[in-house]
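Dropping protein02.cif in here (mmCIF, C-alpha atoms):
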```
data_my_file
loop_
_atom_site.label_atom_id
_atom_site.label_comp_id
_atom_site.auth_asym_id
_atom_site.auth_seq_id
_atom_site.Cartn_x
_atom_site.Cartn_y
_atom_site.Cartn_z
CA MET A 1 -32.19 -34.21 -50.63
CA ASN A 2 -33.08 -37.06 -52.95
CA ASN A 3 -35.22 -40.16 -52.60
CA SER A 4 -32.60 -42.66 -53.74
CA LYS A 5 -33.54 -45.25 -51.12
CA PHE A 6 -36.93 -45.61 -52.78
CA ASP A 7 -35.58 -45.73 -56.31
CA LEU A 8 -36.34 -48.92 -58.28
CA THR A 9 -34.69 -47.92 -61.56
CA GLY A 10 -33.20 -50.98 -63.24
CA LYS A 11 -35.10 -53.42 -61.02
CA VAL A 12 -37.48 -56.04 -62.37
CA ALA A 13 -40.65 -57.04 -60.53
CA ILE A 14 -43.09 -59.92 -60.99
CA ILE A 15 -46.60 -59.28 -59.71
CA THR A 16 -48.88 -62.31 -59.75
CA GLY A 17 -52.49 -61.29 -60.16
CA GLY A 18 -50.99 -58.08 -61.53
CA ASN A 19 -53.54 -57.86 -64.33
CA GLY A 20 -56.19 -56.17 -62.20
CA GLY A 21 -57.29 -54.84 -58.82
CA LEU A 22 -54.74 -54.53 -56.05
CA GLY A 23 -52.05 -56.26 -58.15
CA LEU A 24 -52.32 -53.68 -60.91
CA GLY A 25 -52.15 -50.96 -58.25
CA ILE A 26 -48.93 -52.51 -56.93
CA ALA A 27 -47.51 -52.71 -60.47
CA LYS A 28 -48.31 -49.03 -61.08
CA GLY A 29 -46.64 -48.02 -57.84
CA LEU A 30 -43.48 -49.98 -58.61
CA ALA A 31 -43.41 -48.58 -62.15
CA ILE A 32 -43.68 -45.01 -60.86
CA ALA A 33 -40.54 -45.75 -58.78
CA GLY A 34 -38.76 -46.91 -61.94
CA ALA A 35 -39.18 -50.71 -61.91
CA LYS A 36 -39.88 -52.82 -64.96
CA VAL A 37 -42.95 -54.91 -64.25
CA ALA A 38 -44.21 -58.32 -65.34
CA VAL A 39 -47.95 -58.60 -64.71
CA VAL A 40 -49.06 -62.19 -64.36
CA GLY A 41 -52.57 -63.57 -64.61
CA ARG A 42 -54.79 -66.13 -66.25
CA ASN A 43 -57.18 -63.89 -68.16
CA GLN A 44 -55.39 -62.76 -71.35
CA ASP A 45 -57.80 -59.88 -72.02
CA LYS A 46 -57.20 -58.49 -68.56
CA ILE A 47 -53.44 -58.93 -69.01
CA ASP A 48 -53.52 -57.06 -72.32
CA ASN A 49 -55.55 -54.21 -70.82
CA ALA A 50 -53.25 -53.98 -67.79
CA VAL A 51 -50.11 -53.84 -69.96
CA LYS A 52 -51.75 -51.19 -72.14
CA GLU A 53 -52.68 -49.14 -69.08
CA LEU A 54 -49.17 -49.45 -67.62
CA LYS A 55 -47.49 -48.53 -70.91
CA ALA A 56 -49.79 -45.52 -71.30
CA GLU A 57 -48.41 -44.32 -67.97
CA GLY A 58 -44.85 -44.70 -69.28
CA ALA A 59 -44.02 -48.06 -67.68
CA ASP A 60 -41.90 -50.84 -69.16
CA ALA A 61 -44.41 -53.66 -68.74
CA LEU A 62 -44.70 -57.26 -69.84
CA GLY A 63 -47.77 -59.48 -69.58
CA VAL A 64 -47.31 -63.18 -68.88
CA SER A 65 -50.19 -65.63 -68.82
CA CYS A 66 -49.81 -68.22 -66.08
CA ASP A 67 -51.76 -70.55 -63.79
CA VAL A 68 -49.84 -70.01 -60.54
CA GLY A 69 -51.08 -73.35 -59.22
CA SER A 70 -49.09 -75.21 -61.89
CA GLU A 71 -45.36 -75.74 -61.31
CA GLU A 72 -44.63 -76.00 -65.02
CA ASP A 73 -46.53 -72.82 -65.75
CA VAL A 74 -44.82 -70.89 -62.93
CA ASN A 75 -41.36 -72.01 -64.08
CA ARG A 76 -42.17 -70.95 -67.62
CA MET A 77 -43.54 -67.57 -66.45
CA VAL A 78 -40.41 -66.85 -64.39
CA ALA A 79 -38.08 -67.95 -67.23
CA THR A 80 -40.01 -65.78 -69.71
CA THR A 81 -39.72 -62.74 -67.43
CA ALA A 82 -36.00 -63.28 -66.77
CA GLU A 83 -35.35 -63.71 -70.48
CA HIS A 84 -37.31 -60.60 -71.43
CA PHE A 85 -35.95 -58.25 -68.76
CA GLY A 86 -32.59 -59.90 -68.01
CA ARG A 87 -33.09 -60.27 -64.23
CA ILE A 88 -35.61 -60.64 -61.38
CA ASP A 89 -35.33 -58.59 -58.20
CA ILE A 90 -38.82 -58.32 -56.78
CA LEU A 91 -41.72 -60.76 -56.42
CA PHE A 92 -45.21 -59.85 -55.23
CA ASN A 93 -47.26 -62.97 -54.53
CA ASN A 94 -50.59 -61.27 -54.92
CA ALA A 95 -52.72 -63.70 -56.98
CA ALA A 96 -55.55 -65.22 -54.96
CA ILE A 97 -59.06 -66.54 -55.21
CA SER A 98 -61.72 -66.06 -52.57
CA TRP A 99 -65.31 -66.99 -51.94
CA GLY A 100 -67.11 -68.26 -48.91
CA ILE A 101 -67.86 -71.95 -48.36
CA PRO A 102 -69.07 -73.39 -45.04
CA THR A 103 -66.46 -75.91 -43.89
CA GLU A 104 -69.12 -78.55 -43.15
CA THR A 105 -70.18 -78.69 -46.79
CA MET A 106 -66.77 -78.09 -48.43
CA THR A 107 -65.43 -80.90 -50.59
CA LEU A 108 -61.79 -81.95 -50.39
CA ASP A 109 -61.37 -80.82 -54.00
CA GLU A 110 -62.60 -77.33 -53.08
CA TRP A 111 -60.23 -77.19 -50.10
CA ASN A 112 -57.28 -78.34 -52.22
CA HIS A 113 -58.18 -75.85 -54.96
CA PHE A 114 -57.86 -72.97 -52.47
CA ILE A 115 -54.64 -74.23 -50.88
CA THR A 116 -53.09 -74.75 -54.34
CA ASN A 117 -54.01 -71.32 -55.67
CA ASN A 118 -53.52 -69.27 -52.50
CA LEU A 119 -50.56 -70.97 -50.80
CA THR A 120 -48.75 -73.56 -52.92
CA SER A 121 -48.60 -70.96 -55.70
CA SER A 122 -46.33 -68.78 -53.55
CA PHE A 123 -44.03 -71.70 -52.79
CA LEU A 124 -43.72 -72.29 -56.53
CA THR A 125 -43.03 -68.67 -57.44
CA CYS A 126 -40.55 -68.18 -54.56
CA LYS A 127 -38.67 -71.33 -55.52
CA ALA A 128 -38.57 -70.38 -59.20
CA CYS A 129 -37.40 -66.80 -58.50
CA PHE A 130 -34.78 -67.80 -55.90
CA PRO A 131 -31.87 -68.52 -58.30
CA HIS A 132 -32.55 -65.29 -60.20
CA MET A 133 -32.51 -63.25 -56.98
CA VAL A 134 -29.30 -64.91 -55.83
CA LYS A 135 -27.78 -64.08 -59.22
CA ALA A 136 -28.95 -60.46 -58.87
CA GLY A 137 -27.25 -60.22 -55.47
CA GLY A 138 -30.48 -60.17 -53.48
CA GLY A 139 -34.22 -59.79 -53.73
CA LYS A 140 -37.47 -58.63 -52.21
CA ILE A 141 -40.44 -60.95 -51.80
CA ILE A 142 -43.76 -59.58 -50.65
CA ASN A 143 -46.51 -62.04 -49.85
CA VAL A 144 -49.90 -60.38 -50.07
CA GLY A 145 -51.95 -62.05 -47.38
CA SER A 146 -55.18 -60.91 -45.81
CA ILE A 147 -56.51 -59.30 -42.66
CA VAL A 148 -58.60 -62.46 -42.43
CA THR A 149 -55.64 -64.09 -40.63
CA LYS A 150 -56.06 -61.62 -37.74
CA LEU A 151 -59.80 -62.18 -37.49
CA GLY A 152 -62.23 -65.07 -37.90
CA PHE A 153 -64.73 -65.70 -40.67
CA GLY A 154 -66.74 -68.91 -40.44
CA LYS A 155 -67.13 -69.36 -44.18
CA LEU A 156 -63.50 -68.64 -45.04
CA SER A 157 -61.58 -71.38 -43.21
CA HIS A 158 -60.02 -72.57 -46.49
CA TYR A 159 -58.94 -69.04 -47.48
CA ALA A 160 -57.73 -68.20 -43.95
CA ALA A 161 -55.74 -71.44 -43.72
CA ALA A 162 -53.93 -70.65 -46.97
CA LYS A 163 -53.29 -67.02 -46.03
CA GLY A 164 -52.16 -68.02 -42.53
CA GLY A 165 -49.76 -70.47 -44.12
CA MET A 166 -48.44 -67.61 -46.21
CA ASP A 167 -47.77 -65.48 -43.09
CA HIS A 168 -45.70 -68.23 -41.52
CA MET A 169 -43.96 -69.15 -44.75
CA THR A 170 -42.94 -65.47 -44.88
CA GLN A 171 -41.20 -65.68 -41.50
CA SER A 172 -39.34 -68.90 -42.27
CA LEU A 173 -38.29 -67.77 -45.74
CA ALA A 174 -37.01 -64.51 -44.23
CA GLN A 175 -34.97 -66.49 -41.73
CA GLY A 176 -33.64 -68.92 -44.31
CA TRP A 177 -32.89 -66.58 -47.20
CA GLY A 178 -31.48 -63.60 -45.28
CA LYS A 179 -27.99 -64.87 -46.00
CA HIS A 180 -28.74 -64.44 -49.70
CA ASN A 181 -29.80 -60.83 -49.12
CA ILE A 182 -33.39 -61.78 -49.90
CA HIS A 183 -35.93 -59.97 -47.71
CA VAL A 184 -39.35 -61.50 -47.30
CA ASN A 185 -42.35 -59.69 -45.82
CA ALA A 186 -46.11 -60.11 -45.77
CA LEU A 187 -48.63 -57.38 -46.41
CA LEU A 188 -52.14 -57.91 -45.05
CA PRO A 189 -54.69 -55.67 -46.78
CA GLY A 190 -58.10 -55.07 -45.31
CA LEU A 191 -61.04 -53.88 -47.36
CA VAL A 192 -59.83 -52.71 -50.79
CA ASP A 193 -62.08 -51.63 -53.64
CA THR A 194 -61.38 -54.26 -56.32
CA GLU A 195 -63.22 -56.74 -58.49
CA MET A 196 -62.88 -59.29 -55.67
CA MET A 197 -64.50 -56.91 -53.16
CA PRO A 198 -66.40 -54.08 -54.89
CA CYS A 199 -66.80 -51.18 -52.45
CA THR A 200 -68.77 -48.91 -54.77
CA GLY A 201 -71.30 -49.21 -57.58
CA PRO A 202 -74.12 -51.68 -58.15
CA ASN A 203 -72.05 -54.75 -57.15
CA LYS A 204 -71.00 -53.25 -53.82
CA ASN A 205 -70.37 -56.01 -51.29
CA GLY A 206 -72.93 -56.11 -48.48
CA LEU A 207 -70.23 -55.94 -45.81
CA VAL A 208 -68.72 -52.67 -47.03
CA ASP A 209 -70.86 -50.13 -45.17
CA TYR A 210 -70.56 -52.02 -41.89
CA ALA A 211 -66.78 -52.44 -42.24
CA VAL A 212 -66.25 -48.78 -43.18
CA SER A 213 -68.37 -47.68 -40.19
CA LYS A 214 -65.94 -49.62 -37.98
CA THR A 215 -62.77 -48.37 -39.69
CA PRO A 216 -60.78 -45.70 -37.79
CA THR A 217 -59.72 -44.00 -41.03
CA GLY A 218 -63.38 -43.94 -42.11
CA THR A 219 -62.63 -45.29 -45.57
CA PHE A 220 -62.08 -48.44 -47.58
CA GLY A 221 -58.72 -48.79 -49.35
CA ARG A 222 -58.08 -48.22 -53.05
CA PRO A 223 -55.35 -49.92 -55.09
CA GLU A 224 -53.46 -46.60 -55.32
CA ASP A 225 -53.22 -46.51 -51.51
CA PHE A 226 -50.76 -49.39 -51.89
CA TYR A 227 -48.24 -47.54 -54.08
CA GLY A 228 -46.23 -46.29 -51.12
CA ILE A 229 -45.98 -49.50 -49.10
CA SER A 230 -45.20 -51.47 -52.26
CA ILE A 231 -42.33 -49.17 -53.18
CA LEU A 232 -41.06 -49.27 -49.60
CA LEU A 233 -41.05 -53.06 -49.35
CA ALA A 234 -39.50 -53.47 -52.81
CA SER A 235 -36.75 -50.88 -52.34
CA PRO A 236 -33.51 -50.49 -50.36
CA ALA A 237 -35.50 -48.29 -47.92
CA SER A 238 -36.70 -51.56 -46.33
CA ASP A 239 -33.32 -53.33 -46.13
CA PHE A 240 -33.69 -53.76 -42.33
CA ILE A 241 -37.25 -55.12 -42.62
CA THR A 242 -37.65 -58.86 -43.11
CA GLY A 243 -40.05 -61.45 -41.72
CA SER A 244 -42.54 -58.71 -40.89
CA ILE A 245 -46.27 -59.10 -41.25
CA ILE A 246 -47.62 -55.66 -42.00
CA VAL A 247 -51.31 -54.93 -41.56
CA MET A 248 -52.68 -52.28 -43.91
CA ASP A 249 -56.40 -52.06 -43.26
CA GLY A 250 -57.19 -48.52 -42.09
CA GLY A 251 -57.37 -49.96 -38.59
CA VAL A 252 -60.54 -52.00 -39.15
CA SER A 253 -59.06 -55.08 -37.44
CA LEU A 254 -58.96 -53.06 -34.20
CA SER A 255 -62.72 -52.62 -34.28
CA ILE A 256 -64.37 -55.78 -35.62
CA MET B 1 -41.92 -39.36 -56.41
CA LYS B 2 -44.39 -37.53 -54.27
CA PHE B 3 -45.43 -40.43 -51.98
CA PHE B 4 -42.65 -39.81 -49.54
CA ASP B 5 -42.64 -36.03 -49.67
CA LEU B 6 -42.74 -34.31 -46.27
CA SER B 7 -42.16 -30.75 -47.49
CA GLY B 8 -43.89 -28.25 -45.24
CA LYS B 9 -44.45 -30.76 -42.44
CA VAL B 10 -43.13 -30.39 -38.90
CA ALA B 11 -42.10 -33.35 -36.74
CA ILE B 12 -41.31 -33.65 -33.05
CA ILE B 13 -38.87 -36.45 -32.21
CA THR B 14 -38.45 -37.12 -28.49
CA GLY B 15 -34.98 -38.45 -27.78
CA GLY B 16 -34.11 -36.91 -31.14
CA ASN B 17 -30.76 -35.63 -29.90
CA GLY B 18 -28.93 -38.92 -30.51
CA GLY B 19 -29.02 -42.56 -31.60
CA LEU B 20 -32.13 -43.90 -33.29
CA GLY B 21 -34.02 -40.63 -32.71
CA LEU B 22 -31.42 -38.62 -34.61
CA GLY B 23 -31.55 -41.25 -37.37
CA ILE B 24 -35.31 -40.82 -37.59
CA ALA B 25 -34.89 -37.03 -37.71
CA LYS B 26 -32.37 -37.31 -40.56
CA GLY B 27 -34.70 -39.60 -42.53
CA LEU B 28 -37.63 -37.20 -42.14
CA ALA B 29 -35.46 -34.19 -43.02
CA LYS B 30 -34.25 -35.95 -46.15
CA GLU B 31 -37.86 -35.92 -47.37
CA GLY B 32 -38.21 -32.21 -46.61
CA CYS B 33 -39.58 -32.22 -43.06
CA ALA B 34 -38.65 -29.60 -40.43
CA VAL B 35 -37.71 -31.30 -37.17
CA SER B 36 -37.82 -30.49 -33.48
CA LEU B 37 -35.18 -32.49 -31.58
CA VAL B 38 -36.21 -33.08 -27.99
CA GLY B 39 -33.96 -34.32 -25.19
CA ARG B 40 -32.61 -33.60 -21.75
CA ASN B 41 -28.89 -33.20 -22.49
CA GLN B 42 -28.39 -29.70 -23.92
CA ASP B 43 -24.90 -30.52 -25.28
CA LYS B 44 -26.28 -33.47 -27.23
CA ILE B 45 -29.18 -31.31 -28.47
CA ASP B 46 -26.80 -28.60 -29.69
CA LYS B 47 -24.60 -31.11 -31.49
CA ALA B 48 -27.59 -32.84 -33.07
CA VAL B 49 -29.05 -29.53 -34.31
CA ALA B 50 -25.64 -28.52 -35.72
CA GLU B 51 -25.38 -31.91 -37.46
CA MET B 52 -28.86 -31.52 -38.96
CA GLU B 53 -28.19 -27.96 -40.12
CA ALA B 54 -24.93 -29.09 -41.75
CA LEU B 55 -27.07 -31.52 -43.80
CA GLY B 56 -29.24 -28.63 -44.92
CA ALA B 57 -32.19 -29.50 -42.69
CA LYS B 58 -34.45 -27.10 -40.83
CA ALA B 59 -34.01 -28.15 -37.21
CA ILE B 60 -34.57 -26.76 -33.74
CA GLY B 61 -33.65 -28.22 -30.37
CA VAL B 62 -35.95 -28.14 -27.35
CA GLN B 63 -34.84 -29.29 -23.94
CA CYS B 64 -37.52 -31.28 -22.11
CA ASP B 65 -38.09 -33.93 -19.45
CA VAL B 66 -40.78 -35.98 -21.20
CA SER B 67 -42.09 -37.37 -17.92
CA LYS B 68 -43.24 -33.91 -16.79
CA GLU B 69 -46.56 -32.55 -18.09
CA ASP B 70 -45.49 -28.90 -17.72
CA ASP B 71 -42.26 -29.56 -19.57
CA VAL B 72 -43.98 -31.49 -22.37
CA ASN B 73 -46.63 -28.80 -22.85
CA ARG B 74 -43.92 -26.13 -23.04
CA MET B 75 -41.91 -28.21 -25.52
CA VAL B 76 -44.89 -28.70 -27.85
CA GLU B 77 -45.82 -25.00 -27.66
CA GLU B 78 -42.22 -24.00 -28.35
CA THR B 79 -42.12 -26.24 -31.43
CA ALA B 80 -45.45 -24.92 -32.74
CA LYS B 81 -44.29 -21.33 -32.14
CA GLN B 82 -40.89 -21.71 -33.82
CA LEU B 83 -41.89 -24.01 -36.72
CA GLY B 84 -45.49 -22.86 -37.16
CA ARG B 85 -47.29 -26.21 -36.85
CA VAL B 86 -47.03 -29.80 -35.63
CA ASP B 87 -47.88 -32.70 -37.99
CA ILE B 88 -45.82 -35.65 -36.83
CA LEU B 89 -44.83 -37.04 -33.43
CA PHE B 90 -42.24 -39.76 -32.84
CA ASN B 91 -42.40 -40.94 -29.23
CA ASN B 92 -38.87 -42.27 -29.26
CA ALA B 93 -37.37 -41.14 -25.92
CA ALA B 94 -36.74 -44.03 -23.56
CA ILE B 95 -34.47 -45.18 -20.76
CA SER B 96 -33.31 -48.72 -20.26
CA TRP B 97 -31.01 -50.59 -17.92
CA GLY B 98 -31.18 -53.97 -16.25
CA ILE B 99 -32.42 -54.38 -12.67
CA ALA B 100 -33.17 -57.70 -11.02
CA PRO B 101 -36.90 -57.65 -10.11
CA GLU B 102 -36.12 -58.85 -6.57
CA LYS B 103 -33.90 -55.81 -5.97
CA MET B 104 -36.05 -53.21 -7.74
CA THR B 105 -37.65 -50.49 -5.62
CA LEU B 106 -41.13 -49.14 -6.31
CA GLU B 107 -39.56 -45.76 -7.24
#
```
Spit out the file's structure as structure tokens when you get a sec.
Amino acid sequence: MNNSKFDLTGKVAIITGGNGGLGLGIAKGLAIAGAKVAVVGRNQDKIDNAVKELKAEGADALGVSCDVGSEEDVNRMVATTAEHFGRIDILFNNAAISWGIPTETMTLDEWNHFITNNLTSSFLTCKACFPHMVKAGGGKIINVGSIVTKLGFGKLSHYAAAKGGMDHMTQSLAQGWGKHNIHVNALLPGLVDTEMMPCTGPNKNGLVDYAVSKTPTGTFGRPEDFYGISILLASPASDFITGSIIVMDGGVSLSI
Amino acid sequence: MKFFDLSGKVAIITGGNGGLGLGIAKGLAKEGCAVSLVGRNQDKIDKAVAEMEALGAKAIGVQCDVSKEDDVNRMVEETAKQLGRVDILFNNAAISWGIAPEKMTLE
């Protein structure tokens, strides 16, 4: 009894924000299932380290520097990946920025900065990958959103608006691109131990203990917890799943 | 890949003797899980178990009316006794047919 439905051998995946945290976890999971991975980020040192780490684990990995808020940069990143690996099958829109700003003191530039980096970026990457996925006979797009869209946080209206836009873009893209055999789903992580939200050590976020105390699984997530769901959503095992918004938060959104 | 490995696990699938339930059972068995197929129709149970065994799966069939507490308790005990443990439960059994609300009885 084999696992062929979860096999990603020969597939090529782009993971934006793949040079660290959850994105690097996703890249490792996909690589374990046999995919070739392009890890995309802005910080070249982090890219180099991520590629080194992936290669040390036996992965075929490429690092591509890119500002996902820039159309030119995204088009170049996608072209570079397609040229290097010969195809594009899988796209994880995982890159994001997040910090709290009260809406009443937020400038329009700050608002636009968040919408550009956290929402428009996914439009750009989806659009740039579309012809490659059509050429490959289909594709898998996974938009990494946030549990924030199921809750309310007063200082995160800019972040929540962008992530909420991503959820609904997911549904409409799934409807529109189904005929091209492109499946589009959203994954909403809760608390995950990353640079953006340290759950351990001296920089531990102040919300962590409270959130964990309210989490049915009694834990925060780790990037490696996302290997399985990433492989599932990128592989033929999920060929009947599209337009779904999948919460992966240990159940914390049920309790807070 | 070990993420999807269900070796050594035991699953109960209600309504597992046909349709979607049997599909679920086959998927779990493919990853190494032993399955208990639960249903009311003994013929369908027997055929489903034979189909699973032909695929190389470890499968048992347990007849049960899932709306009866006594029956459900017996079914779970039977599964635990025959397969040694219970790790996974798919509540898949269901009935469905259309009835106009204005003609529906309380029963």
What are the residues of chain B that have an atom within 8 Å of an atom of chain A, counting all atoms listed in the file, as a PDB file with C-alpha atoms, keeping the file's coordinate frame?
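File written: selection_19.pdb
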```
ATOM      1  CA  MET B   1     -41.920 -39.360 -56.410  1.00  0.00           C
ATOM      2  CA  PHE B   3     -45.430 -40.430 -51.980  1.00  0.00           C
ATOM      3  CA  PHE B   4     -42.650 -39.810 -49.540  1.00  0.00           C
ATOM      4  CA  LYS B  30     -34.250 -35.950 -46.150  1.00  0.00           C
ATOM      5  CA  GLU B  31     -37.860 -35.920 -47.370  1.00  0.00           C
ATOM      6  CA  GLY B  32     -38.210 -32.210 -46.610  1.00  0.00           C
TER       7      GLY B  32
END
```
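Between CA of Val76 (chain B) and CA of Leu254 (chain A) lies a distance of 28.8 Å.
Nearest residue to Thr105 (chain A) among A:Gly251, A:Gly137, A:Phe220, A:His158 is A:His158, counting only C-alpha atoms.
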Next item on the list: Tell me which residues the PyMOL selection byres ((chain A and resi 55-70) around 6) grabs here, as a ChimeraX atom specification.
Entry: /A:31,36-42,47,51-54,71-74,116-117,121
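One finds CA of Ile99 (chain B) at 26.5 Å from CA of Val38 (chain B).
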Checklist line | Chain and number of each residue from the PyMOL selection byres ((chain B and resi 82) around 12), as a count of residues only | finding: 21
What lies within 10 Å of Cys199 (chain A) using only C-alpha atoms, ignoring chain neighbours under 4 positions off, as a PDB file with C-alpha atoms, in the coordinates of the input?
```pdb
ATOM      1  CA  LEU A 191     -61.040 -53.880 -47.360  1.00  0.00           C
ATOM      2  CA  VAL A 192     -59.830 -52.710 -50.790  1.00  0.00           C
ATOM      3  CA  ASP A 193     -62.080 -51.630 -53.640  1.00  0.00           C
ATOM      4  CA  THR A 194     -61.380 -54.260 -56.320  1.00  0.00           C
ATOM      5  CA  GLU A 195     -63.220 -56.740 -58.490  1.00  0.00           C
ATOM      6  CA  ASN A 203     -72.050 -54.750 -57.150  1.00  0.00           C
ATOM      7  CA  LYS A 204     -71.000 -53.250 -53.820  1.00  0.00           C
ATOM      8  CA  ASN A 205     -70.370 -56.010 -51.290  1.00  0.00           C
ATOM      9  CA  GLY A 206     -72.930 -56.110 -48.480  1.00  0.00           C
ATOM     10  CA  LEU A 207     -70.230 -55.940 -45.810  1.00  0.00           C
ATOM     11  CA  VAL A 208     -68.720 -52.670 -47.030  1.00  0.00           C
ATOM     12  CA  ASP A 209     -70.860 -50.130 -45.170  1.00  0.00           C
ATOM     13  CA  VAL A 212     -66.250 -48.780 -43.180  1.00  0.00           C
ATOM     14  CA  THR A 219     -62.630 -45.290 -45.570  1.00  0.00           C
ATOM     15  CA  PHE A 220     -62.080 -48.440 -47.580  1.00  0.00           C
ATOM     16  CA  GLY A 221     -58.720 -48.790 -49.350  1.00  0.00           C
ATOM     17  CA  ARG A 222     -58.080 -48.220 -53.050  1.00  0.00           C
TER      18      ARG A 222
END
```
Next item on the list: Evaluate the PyMOL selection byres ((chain B and resi 40) around 7) here and jot the selected residues down as a ChimeraX atom specification.
Entry: /B:39,41-42,63-65
Margin query: Give me, as a PyMOL selection string, all polymer residues having an atom no more than 7 Å from Asn181 (chain A), counting all atoms listed in the file and skipping those fewer than 4 positions away in the same chain.
Written below: chain A and resi 137-139+177
Note to self: I want to know what sits within 8 Å of Asn185 (chain A), based on all atoms listed in the file, with residues of the same chain fewer than 6 positions away left out; could you give that as a ChimeraX atom specification?
What the structure shows: /A:141-143,170-171,174,233,241-246
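Rounded to one decimal, CA of Asp48 (chain A) and CA of Gly86 (chain A) lie 21.6 Å from each other.
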Next item on the list: Point out the residue among A:Ile182, A:Val252, A:Leu124, A:Met196 with the least atom-to-atom distance to Gly218 (chain A), counting all atoms listed in the file.
Entry: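 Of A:Ile182, A:Val252, A:Leu124, A:Met196, the one nearest Gly218 (chain A) is A:Val252, counting all atoms listed in the file.
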Notebook entry, point to check: Could you name the residues that touch Gly23 (chain A) at 8 Å or less, counting only C-alpha atoms, but leaving out those on the same chain fewer than 4 positions away, as a PyMOL selection string?
Noted result: chain A and resi 15-19+27+94-95+223
If we count only C-alpha atoms, what is near Phe153 (chain A) at a cut-off of 9 Å, once residues fewer than 5 positions away on the same chain are taken out, given as a PDB file with C-alpha atoms, keeping the file's coordinate frame?
```
ATOM      1  CA  GLY A 100     -67.110 -68.260 -48.910  1.00  0.00           C
ATOM      2  CA  VAL A 148     -58.600 -62.460 -42.430  1.00  0.00           C
ATOM      3  CA  ALA A 160     -57.730 -68.200 -43.950  1.00  0.00           C
TER       4      ALA A 160
END
```
Is it possible to add N, CA and C atoms to region 53-69 of chain B and hand it back as a PDB file, in the frame of the given file?
```
ATOM      1  N   GLU B  53     -28.310 -29.181 -39.300  1.00  0.00           N
ATOM      2  CA  GLU B  53     -28.190 -27.960 -40.120  1.00  0.00           C
ATOM      3  C   GLU B  53     -27.091 -28.119 -41.165  1.00  0.00           C
ATOM      4  N   ALA B  54     -26.015 -28.855 -40.784  1.00  0.00           N
ATOM      5  CA  ALA B  54     -24.930 -29.090 -41.750  1.00  0.00           C
ATOM      6  C   ALA B  54     -25.421 -29.917 -42.930  1.00  0.00           C
ATOM      7  N   LEU B  55     -26.483 -30.709 -42.709  1.00  0.00           N
ATOM      8  CA  LEU B  55     -27.070 -31.520 -43.800  1.00  0.00           C
ATOM      9  C   LEU B  55     -28.090 -30.716 -44.610  1.00  0.00           C
ATOM     10  N   GLY B  56     -28.292 -29.474 -44.191  1.00  0.00           N
ATOM     11  CA  GLY B  56     -29.240 -28.630 -44.920  1.00  0.00           C
ATOM     12  C   GLY B  56     -30.664 -28.719 -44.407  1.00  0.00           C
ATOM     13  N   ALA B  57     -30.837 -29.316 -43.230  1.00  0.00           N
ATOM     14  CA  ALA B  57     -32.190 -29.500 -42.690  1.00  0.00           C
ATOM     15  C   ALA B  57     -32.608 -28.300 -41.853  1.00  0.00           C
ATOM     16  N   LYS B  58     -33.923 -28.102 -41.743  1.00  0.00           N
ATOM     17  CA  LYS B  58     -34.450 -27.100 -40.830  1.00  0.00           C
ATOM     18  C   LYS B  58     -34.688 -27.810 -39.502  1.00  0.00           C
ATOM     19  N   ALA B  59     -33.916 -27.442 -38.483  1.00  0.00           N
ATOM     20  CA  ALA B  59     -34.010 -28.150 -37.210  1.00  0.00           C
ATOM     21  C   ALA B  59     -33.925 -27.188 -36.036  1.00  0.00           C
ATOM     22  N   ILE B  60     -34.715 -27.485 -34.997  1.00  0.00           N
ATOM     23  CA  ILE B  60     -34.570 -26.760 -33.740  1.00  0.00           C
ATOM     24  C   ILE B  60     -34.360 -27.786 -32.625  1.00  0.00           C
ATOM     25  N   GLY B  61     -33.803 -27.342 -31.522  1.00  0.00           N
ATOM     26  CA  GLY B  61     -33.650 -28.220 -30.370  1.00  0.00           C
ATOM     27  C   GLY B  61     -34.472 -27.683 -29.215  1.00  0.00           C
ATOM     28  N   VAL B  62     -35.175 -28.563 -28.512  1.00  0.00           N
ATOM     29  CA  VAL B  62     -35.950 -28.140 -27.350  1.00  0.00           C
ATOM     30  C   VAL B  62     -35.647 -29.066 -26.179  1.00  0.00           C
ATOM     31  N   GLN B  63     -35.150 -28.478 -25.112  1.00  0.00           N
ATOM     32  CA  GLN B  63     -34.840 -29.290 -23.940  1.00  0.00           C
ATOM     33  C   GLN B  63     -36.139 -29.622 -23.199  1.00  0.00           C
ATOM     34  N   CYS B  64     -36.258 -30.859 -22.732  1.00  0.00           N
ATOM     35  CA  CYS B  64     -37.520 -31.280 -22.110  1.00  0.00           C
ATOM     36  C   CYS B  64     -37.345 -32.583 -21.347  1.00  0.00           C
ATOM     37  N   ASP B  65     -37.968 -32.657 -20.176  1.00  0.00           N
ATOM     38  CA  ASP B  65     -38.090 -33.930 -19.450  1.00  0.00           C
ATOM     39  C   ASP B  65     -39.476 -34.478 -19.816  1.00  0.00           C
ATOM     40  N   VAL B  66     -39.496 -35.520 -20.640  1.00  0.00           N
ATOM     41  CA  VAL B  66     -40.780 -35.980 -21.200  1.00  0.00           C
ATOM     42  C   VAL B  66     -41.692 -36.645 -20.179  1.00  0.00           C
ATOM     43  N   SER B  67     -41.218 -36.794 -18.950  1.00  0.00           N
ATOM     44  CA  SER B  67     -42.090 -37.370 -17.920  1.00  0.00           C
ATOM     45  C   SER B  67     -42.848 -36.279 -17.164  1.00  0.00           C
ATOM     46  N   LYS B  68     -42.581 -35.020 -17.501  1.00  0.00           N
ATOM     47  CA  LYS B  68     -43.240 -33.910 -16.790  1.00  0.00           C
ATOM     48  C   LYS B  68     -44.238 -33.203 -17.702  1.00  0.00           C
ATOM     49  N   GLU B  69     -45.498 -33.145 -17.263  1.00  0.00           N
ATOM     50  CA  GLU B  69     -46.560 -32.550 -18.090  1.00  0.00           C
ATOM     51  C   GLU B  69     -46.236 -31.092 -18.453  1.00  0.00           C
TER      52      GLU B  69
END
```
